[in-house]
Structure formats: structure tokens, C-alpha cells
Amino acid sequence: MQESTVFDLIPDRDGLVWRVILSKHLAPAQKRVDKLVWQVRMHAEAKVSGALLADTGTLNRVQDARLLEILGNEPILLRSGAVRFEAAEEKQIPGSAVEAVLGIKKILLSQGVKDIKVRIVTEQVDRLCSFY
């Protein structure tokens with residue numbers, strides 16, 4: 001059974017707050033299948049509306065008016081790539097997770113985070129519009 005929890009909250013460079021989700025479960029080790037280890041997966045996510053994306057400067061109300069119209073009031077889930085690691089004991093997870101959070105935080109505080117958010121939003125809009 002997989003257990004998921006919010007491990008941390010990280011505001012990005014634009015002020016949007018992302019939740020860092022930690023999921024863990026016991027599974028056979030990748031190198032030794034006779035041994036059980038904790039397999040851990042972490043990612044950051046933020047549920048946003050078009051208005052919030054405009055408020056935080058990710059989208060421009062004038063230049064991105066058509067995109068904001070398509071988004072409407074429906075929330076969009078922005079999700080980062082996952083960080084994965086194994087821990088022999090459950091008590092080792094928080095220490096390793098802190099290191100992983102530092103990597104996620106570095107990305108969210110980088111200048112390129114706006115481009116990442118715009119790419120995720122446009123990919124989701126492309127998927128939504130592909131059925132029309």
C-alpha cells in the first residue's frame with residue numbers, strides 16, 4: 001500500500017506556493033530482490049487557476065487573454081518531475097527527502113520556473129483542446 005503525504009510547501013520565484021508530495025511504499029530492492037526497501041517518490045504540485053497564474057506573473061492578462069479565456073475558472077494541476085530514491089529503513093526517509101526538497105526548491109526559485117509553468121499549462125490546454 002502506498003502512503004502519500006505533504007512533506008513541504010515551497011513558494012516559487014513568482015510567489016506561487018507548491019506542495020511537495022512524498023509517496024512511499026515497501027517493495028523489493030532494485031539490486032537485491034530478496035530484500036525489502038522503502039521506495040520513495042517526491043514531486044511538487046500546485047493547483048492553480050488562470051487568474052492566479054496572471055496574478056503571479058506567469059501569464060500576462062493582455063498577451064495571454066485567449067489562453068486565459070480557454071482556461072476559464074477550471075483549476076489546472078501544475079506538477080514537477082519526480083525525484084525517486086530508496087531507503088533501507090523508514091527513519092532514513094526524512095533525511096534523504098530533505099536533500100530532494102533542496103533540488104526541487106532550486107528549480108522553483110530559478111529564473112526558468114516561469115517558462116516551466118507556461119509549458120505545463122500550454123501542454124494541458126493542448127490536451128484539452130485536442131478533443132474539440
# chains A, B, ... in the order shown; residues from 1 in each chain; ligands from 1

$ residues_around --residues "stretch 49-57 of chain A" --least-positions-apart "2" --cutoff "8 Å" --atoms "only C-alpha atoms" --output "VMD selection string"
chain A and resid 14 to 16 47 59 to 61 68 71 to 76

$ residues_around --residues "A:Val101" --least-positions-apart "5" --cutoff "12 Å" --atoms "only C-alpha atoms" --output "list in words"
Val6, Phe7, Asp8, Leu9, Ile10, Trp18, Arg19, Val20, Ile21, Leu22, Arg41, Met42, His43, Ala44, Ser80, Ala82, Val83, Arg84, Ile93, Pro94, Gly95, Ser96, Lys106, Ile107, Leu108 and Leu109 of chain A

$ write_last_selection --atoms "N, CA and C atoms" --output "PDB file, in the first residue's frame"
ATOM      1  N   VAL A   6       1.902  15.406   2.389  1.00  0.00           N
ATOM      2  CA  VAL A   6       2.512  16.678   2.014  1.00  0.00           C
ATOM      3  C   VAL A   6       3.745  16.835   2.895  1.00  0.00           C
ATOM      4  N   PHE A   7       4.897  16.874   2.265  1.00  0.00           N
ATOM      5  CA  PHE A   7       6.165  16.938   3.007  1.00  0.00           C
ATOM      6  C   PHE A   7       6.584  18.377   3.279  1.00  0.00           C
ATOM      7  N   ASP A   8       6.284  19.290   2.351  1.00  0.00           N
ATOM      8  CA  ASP A   8       6.728  20.668   2.485  1.00  0.00           C
ATOM      9  C   ASP A   8       5.897  21.562   1.578  1.00  0.00           C
ATOM     10  N   LEU A   9       5.932  22.859   1.850  1.00  0.00           N
ATOM     11  CA  LEU A   9       5.326  23.873   0.989  1.00  0.00           C
ATOM     12  C   LEU A   9       6.448  24.804   0.553  1.00  0.00           C
ATOM     13  N   ILE A  10       6.532  25.058  -0.760  1.00  0.00           N
ATOM     14  CA  ILE A  10       7.612  25.887  -1.281  1.00  0.00           C
ATOM     15  C   ILE A  10       7.035  26.973  -2.182  1.00  0.00           C
ATOM     16  N   TRP A  18       3.833  25.793  -3.968  1.00  0.00           N
ATOM     17  CA  TRP A  18       3.783  24.406  -4.426  1.00  0.00           C
ATOM     18  C   TRP A  18       3.806  23.489  -3.215  1.00  0.00           C
ATOM     19  N   ARG A  19       3.048  22.391  -3.290  1.00  0.00           N
ATOM     20  CA  ARG A  19       3.072  21.353  -2.252  1.00  0.00           C
ATOM     21  C   ARG A  19       4.040  20.270  -2.703  1.00  0.00           C
ATOM     22  N   VAL A  20       4.942  19.875  -1.820  1.00  0.00           N
ATOM     23  CA  VAL A  20       5.848  18.765  -2.117  1.00  0.00           C
ATOM     24  C   VAL A  20       5.203  17.508  -1.555  1.00  0.00           C
ATOM     25  N   ILE A  21       4.880  16.588  -2.441  1.00  0.00           N
ATOM     26  CA  ILE A  21       4.200  15.342  -2.071  1.00  0.00           C
ATOM     27  C   ILE A  21       5.234  14.217  -1.993  1.00  0.00           C
ATOM     28  N   LEU A  22       5.214  13.508  -0.872  1.00  0.00           N
ATOM     29  CA  LEU A  22       6.090  12.362  -0.678  1.00  0.00           C
ATOM     30  C   LEU A  22       5.222  11.114  -0.648  1.00  0.00           C
ATOM     31  N   ARG A  41       9.010   8.416  -3.668  1.00  0.00           N
ATOM     32  CA  ARG A  41       8.839   9.264  -4.857  1.00  0.00           C
ATOM     33  C   ARG A  41       8.372  10.628  -4.356  1.00  0.00           C
ATOM     34  N   MET A  42       9.009  11.680  -4.832  1.00  0.00           N
ATOM     35  CA  MET A  42       8.624  13.036  -4.443  1.00  0.00           C
ATOM     36  C   MET A  42       8.415  13.889  -5.686  1.00  0.00           C
ATOM     37  N   HIS A  43       7.423  14.757  -5.623  1.00  0.00           N
ATOM     38  CA  HIS A  43       7.214  15.732  -6.678  1.00  0.00           C
ATOM     39  C   HIS A  43       6.538  16.962  -6.075  1.00  0.00           C
ATOM     40  N   ALA A  44       6.611  18.065  -6.797  1.00  0.00           N
ATOM     41  CA  ALA A  44       5.938  19.287  -6.353  1.00  0.00           C
ATOM     42  C   ALA A  44       4.737  19.505  -7.256  1.00  0.00           C
ATOM     43  N   SER A  80       5.635  18.939 -11.076  1.00  0.00           N
ATOM     44  CA  SER A  80       7.045  18.816 -11.449  1.00  0.00           C
ATOM     45  C   SER A  80       7.384  17.358 -11.737  1.00  0.00           C
ATOM     46  N   ALA A  82       9.360  13.873 -11.053  1.00  0.00           N
ATOM     47  CA  ALA A  82       9.515  13.156  -9.784  1.00  0.00           C
ATOM     48  C   ALA A  82      10.982  12.905  -9.461  1.00  0.00           C
ATOM     49  N   VAL A  83      11.269  12.918  -8.172  1.00  0.00           N
ATOM     50  CA  VAL A  83      12.563  12.512  -7.634  1.00  0.00           C
ATOM     51  C   VAL A  83      12.313  11.186  -6.934  1.00  0.00           C
ATOM     52  N   ARG A  84      13.138  10.187  -7.220  1.00  0.00           N
ATOM     53  CA  ARG A  84      12.948   8.863  -6.625  1.00  0.00           C
ATOM     54  C   ARG A  84      14.212   8.445  -5.873  1.00  0.00           C
ATOM     55  N   ILE A  93      14.143   8.076   5.617  1.00  0.00           N
ATOM     56  CA  ILE A  93      13.420   8.818   4.573  1.00  0.00           C
ATOM     57  C   ILE A  93      13.482  10.329   4.777  1.00  0.00           C
ATOM     58  N   PRO A  94      13.200  10.862   5.984  1.00  0.00           N
ATOM     59  CA  PRO A  94      13.221  12.333   6.120  1.00  0.00           C
ATOM     60  C   PRO A  94      14.547  12.980   5.731  1.00  0.00           C
ATOM     61  N   GLY A  95      15.672  12.384   6.105  1.00  0.00           N
ATOM     62  CA  GLY A  95      16.976  12.956   5.750  1.00  0.00           C
ATOM     63  C   GLY A  95      17.193  12.994   4.245  1.00  0.00           C
ATOM     64  N   SER A  96      16.867  11.903   3.574  1.00  0.00           N
ATOM     65  CA  SER A  96      17.013  11.865   2.114  1.00  0.00           C
ATOM     66  C   SER A  96      16.012  12.788   1.445  1.00  0.00           C
ATOM     67  N   LYS A 106      15.488  24.493  -5.638  1.00  0.00           N
ATOM     68  CA  LYS A 106      16.407  25.173  -6.554  1.00  0.00           C
ATOM     69  C   LYS A 106      15.726  25.435  -7.897  1.00  0.00           C
ATOM     70  N   ILE A 107      14.988  24.468  -8.383  1.00  0.00           N
ATOM     71  CA  ILE A 107      14.278  24.634  -9.652  1.00  0.00           C
ATOM     72  C   ILE A 107      13.178  25.676  -9.529  1.00  0.00           C
ATOM     73  N   LEU A 108      12.395  25.611  -8.437  1.00  0.00           N
ATOM     74  CA  LEU A 108      11.274  26.533  -8.268  1.00  0.00           C
ATOM     75  C   LEU A 108      11.725  27.972  -8.039  1.00  0.00           C
ATOM     76  N   LEU A 109      12.940  28.162  -7.568  1.00  0.00           N
ATOM     77  CA  LEU A 109      13.455  29.512  -7.346  1.00  0.00           C
ATOM     78  C   LEU A 109      14.293  30.023  -8.515  1.00  0.00           C
TER      79      LEU A 109
END

$ atom_distance --atom1 "atom CA of A:Leu102" --atom2 "atom CA of A:Val17"
15.2 Å

$ select_by_dssp --residues "chain A" --states "alpha helix (DSSP H)" --output "PyMOL selection string"
chain A and resi 50-55+65-71+93-108+113-129

$ write_last_selection --atoms "N, CA and C atoms" --output "short mmCIF file (atom, residue, chain, number, x, y, z; two decimals), in the first residue's frame"
data_model
loop_
_atom_site.label_atom_id
_atom_site.label_comp_id
_atom_site.auth_asym_id
_atom_site.auth_seq_id
_atom_site.Cartn_x
_atom_site.Cartn_y
_atom_site.Cartn_z
N GLY A 50 -6.38 30.24 -13.95
CA GLY A 50 -5.80 31.21 -14.86
C GLY A 50 -5.58 32.55 -14.17
N ALA A 51 -6.54 32.94 -13.33
CA ALA A 51 -6.42 34.22 -12.61
C ALA A 51 -5.19 34.22 -11.71
N LEU A 52 -4.94 33.12 -11.02
CA LEU A 52 -3.77 33.05 -10.15
C LEU A 52 -2.48 33.09 -10.97
N LEU A 53 -2.48 32.44 -12.13
CA LEU A 53 -1.31 32.48 -12.99
C LEU A 53 -1.04 33.90 -13.46
N ALA A 54 -2.10 34.66 -13.71
CA ALA A 54 -1.93 36.07 -14.11
C ALA A 54 -1.48 36.90 -12.91
N ASP A 55 -2.05 36.64 -11.74
CA ASP A 55 -1.68 37.39 -10.53
C ASP A 55 -0.21 37.19 -10.16
N ALA A 65 -4.57 36.67 -23.18
CA ALA A 65 -6.02 36.76 -22.97
C ALA A 65 -6.75 35.53 -23.53
N ARG A 66 -6.37 35.09 -24.71
CA ARG A 66 -7.02 33.91 -25.32
C ARG A 66 -6.78 32.66 -24.48
N LEU A 67 -5.57 32.46 -24.01
CA LEU A 67 -5.24 31.31 -23.17
C LEU A 67 -6.02 31.38 -21.86
N LEU A 68 -6.09 32.56 -21.26
CA LEU A 68 -6.85 32.73 -20.01
C LEU A 68 -8.33 32.45 -20.24
N GLU A 69 -8.84 32.82 -21.42
CA GLU A 69 -10.25 32.55 -21.75
C GLU A 69 -10.49 31.05 -21.86
N ILE A 70 -9.56 30.34 -22.48
CA ILE A 70 -9.68 28.89 -22.62
C ILE A 70 -9.62 28.22 -21.24
N LEU A 71 -8.73 28.71 -20.39
CA LEU A 71 -8.60 28.13 -19.05
C LEU A 71 -9.85 28.35 -18.21
N ILE A 93 14.14 8.08 5.62
CA ILE A 93 13.42 8.82 4.57
C ILE A 93 13.48 10.33 4.78
N PRO A 94 13.20 10.86 5.98
CA PRO A 94 13.22 12.33 6.12
C PRO A 94 14.55 12.98 5.73
N GLY A 95 15.67 12.38 6.11
CA GLY A 95 16.98 12.96 5.75
C GLY A 95 17.19 12.99 4.24
N SER A 96 16.87 11.90 3.57
CA SER A 96 17.01 11.86 2.11
C SER A 96 16.01 12.79 1.44
N ALA A 97 14.82 12.89 2.03
CA ALA A 97 13.79 13.75 1.45
C ALA A 97 14.18 15.22 1.52
N VAL A 98 14.85 15.60 2.59
CA VAL A 98 15.29 17.00 2.72
C VAL A 98 16.25 17.34 1.58
N GLU A 99 17.14 16.42 1.26
CA GLU A 99 18.06 16.64 0.14
C GLU A 99 17.29 16.77 -1.17
N ALA A 100 16.29 15.94 -1.36
CA ALA A 100 15.48 16.01 -2.59
C ALA A 100 14.72 17.33 -2.67
N VAL A 101 14.21 17.81 -1.53
CA VAL A 101 13.48 19.08 -1.49
C VAL A 101 14.40 20.23 -1.90
N LEU A 102 15.65 20.16 -1.51
CA LEU A 102 16.60 21.22 -1.89
C LEU A 102 16.73 21.31 -3.41
N GLY A 103 16.74 20.16 -4.07
CA GLY A 103 16.80 20.15 -5.54
C GLY A 103 15.54 20.73 -6.16
N ILE A 104 14.39 20.35 -5.61
CA ILE A 104 13.11 20.88 -6.11
C ILE A 104 13.05 22.39 -5.87
N LYS A 105 13.47 22.82 -4.69
CA LYS A 105 13.45 24.25 -4.34
C LYS A 105 14.34 25.04 -5.29
N LYS A 106 15.49 24.49 -5.64
CA LYS A 106 16.41 25.17 -6.55
C LYS A 106 15.73 25.43 -7.90
N ILE A 107 14.99 24.47 -8.38
CA ILE A 107 14.28 24.63 -9.65
C ILE A 107 13.18 25.68 -9.53
N LEU A 108 12.40 25.61 -8.44
CA LEU A 108 11.27 26.53 -8.27
C LEU A 108 11.73 27.97 -8.04
N VAL A 113 11.59 29.09 -13.97
CA VAL A 113 10.36 28.49 -13.46
C VAL A 113 9.14 29.01 -14.22
N LYS A 114 9.15 30.26 -14.64
CA LYS A 114 8.02 30.81 -15.39
C LYS A 114 7.84 30.04 -16.70
N ASP A 115 8.94 29.78 -17.38
CA ASP A 115 8.87 29.03 -18.64
C ASP A 115 8.35 27.61 -18.41
N ILE A 116 8.76 27.00 -17.30
CA ILE A 116 8.30 25.66 -16.97
C ILE A 116 6.78 25.67 -16.76
N LYS A 117 6.29 26.65 -16.00
CA LYS A 117 4.85 26.73 -15.72
C LYS A 117 4.05 26.98 -17.00
N VAL A 118 4.56 27.87 -17.85
CA VAL A 118 3.86 28.15 -19.11
C VAL A 118 3.82 26.90 -19.98
N ARG A 119 4.93 26.15 -20.02
CA ARG A 119 4.97 24.92 -20.81
C ARG A 119 3.95 23.91 -20.31
N ILE A 120 3.87 23.73 -18.99
CA ILE A 120 2.91 22.78 -18.41
C ILE A 120 1.49 23.20 -18.73
N VAL A 121 1.20 24.49 -18.58
CA VAL A 121 -0.16 24.99 -18.85
C VAL A 121 -0.51 24.80 -20.32
N THR A 122 0.38 25.16 -21.22
CA THR A 122 0.06 25.03 -22.65
C THR A 122 -0.09 23.56 -23.05
N GLU A 123 0.70 22.67 -22.45
CA GLU A 123 0.53 21.23 -22.74
C GLU A 123 -0.84 20.75 -22.29
N GLN A 124 -1.28 21.22 -21.11
CA GLN A 124 -2.60 20.81 -20.63
C GLN A 124 -3.71 21.38 -21.50
N VAL A 125 -3.56 22.62 -21.95
CA VAL A 125 -4.56 23.23 -22.83
C VAL A 125 -4.59 22.49 -24.16
N ASP A 126 -3.43 22.13 -24.68
CA ASP A 126 -3.38 21.36 -25.94
C ASP A 126 -4.12 20.04 -25.79
N ARG A 127 -3.95 19.36 -24.65
CA ARG A 127 -4.67 18.11 -24.42
C ARG A 127 -6.18 18.35 -24.33
N LEU A 128 -6.57 19.41 -23.63
CA LEU A 128 -7.99 19.74 -23.50
C LEU A 128 -8.61 20.04 -24.86
N CYS A 129 -7.90 20.83 -25.67
CA CYS A 129 -8.44 21.28 -26.96
C CYS A 129 -8.37 20.21 -28.03
#

$ atom_distance --atom1 "atom CA of A:Lys91" --atom2 "atom CA of A:Pro28"
17.7 Å

$ select_by_dssp --residues "chain A" --states "strand (DSSP E)" --output "VMD selection string"
chain A and resid 3 to 11 17 to 28 36 to 48 76 to 79 83 to 87

$ write_last_selection --atoms "C-alpha atoms" --output "mmCIF file, in the first residue's frame"
data_model
loop_
_atom_site.group_PDB
_atom_site.id
_atom_site.type_symbol
_atom_site.label_atom_id
_atom_site.label_comp_id
_atom_site.auth_asym_id
_atom_site.auth_seq_id
_atom_site.Cartn_x
_atom_site.Cartn_y
_atom_site.Cartn_z
ATOM 1 C CA GLU A 3 1.203 6.243 1.558
ATOM 2 C CA SER A 4 1.295 9.884 0.391
ATOM 3 C CA THR A 5 1.776 12.988 2.496
ATOM 4 C CA VAL A 6 2.512 16.678 2.014
ATOM 5 C CA PHE A 7 6.165 16.938 3.007
ATOM 6 C CA ASP A 8 6.728 20.668 2.485
ATOM 7 C CA LEU A 9 5.326 23.873 0.989
ATOM 8 C CA ILE A 10 7.612 25.887 -1.281
ATOM 9 C CA PRO A 11 6.844 29.306 -2.773
ATOM 10 C CA VAL A 17 3.055 28.016 -3.433
ATOM 11 C CA TRP A 18 3.783 24.406 -4.426
ATOM 12 C CA ARG A 19 3.072 21.353 -2.252
ATOM 13 C CA VAL A 20 5.848 18.765 -2.117
ATOM 14 C CA ILE A 21 4.200 15.342 -2.071
ATOM 15 C CA LEU A 22 6.090 12.362 -0.678
ATOM 16 C CA SER A 23 4.832 8.878 -1.550
ATOM 17 C CA LYS A 24 6.386 5.758 -0.063
ATOM 18 C CA HIS A 25 5.826 2.034 -0.112
ATOM 19 C CA LEU A 26 7.704 -1.142 0.688
ATOM 20 C CA ALA A 27 8.955 -3.037 -2.339
ATOM 21 C CA PRO A 28 11.785 -5.350 -3.356
ATOM 22 C CA LEU A 36 12.513 -5.063 1.053
ATOM 23 C CA VAL A 37 13.241 -1.330 0.999
ATOM 24 C CA TRP A 38 11.212 1.847 1.120
ATOM 25 C CA GLN A 39 10.767 3.198 -2.381
ATOM 26 C CA VAL A 40 10.122 6.913 -2.184
ATOM 27 C CA ARG A 41 8.839 9.264 -4.857
ATOM 28 C CA MET A 42 8.624 13.036 -4.443
ATOM 29 C CA HIS A 43 7.214 15.732 -6.678
ATOM 30 C CA ALA A 44 5.938 19.287 -6.353
ATOM 31 C CA GLU A 45 2.462 20.315 -7.445
ATOM 32 C CA ALA A 46 0.284 23.399 -7.401
ATOM 33 C CA LYS A 47 -3.393 23.639 -8.266
ATOM 34 C CA VAL A 48 -3.948 26.988 -9.968
ATOM 35 C CA ILE A 76 -5.056 23.300 -13.505
ATOM 36 C CA LEU A 77 -2.613 20.982 -11.787
ATOM 37 C CA LEU A 78 0.993 22.024 -12.301
ATOM 38 C CA ARG A 79 3.272 19.106 -11.487
ATOM 39 C CA VAL A 83 12.563 12.512 -7.634
ATOM 40 C CA ARG A 84 12.948 8.863 -6.625
ATOM 41 C CA PHE A 85 15.133 7.165 -4.039
ATOM 42 C CA GLU A 86 15.250 4.095 -1.816
ATOM 43 C CA ALA A 87 15.748 3.855 1.934
#

$ atom_distance --atom1 "atom CA of A:Gly81" --atom2 "atom CA of A:Arg32"
26.3 Å
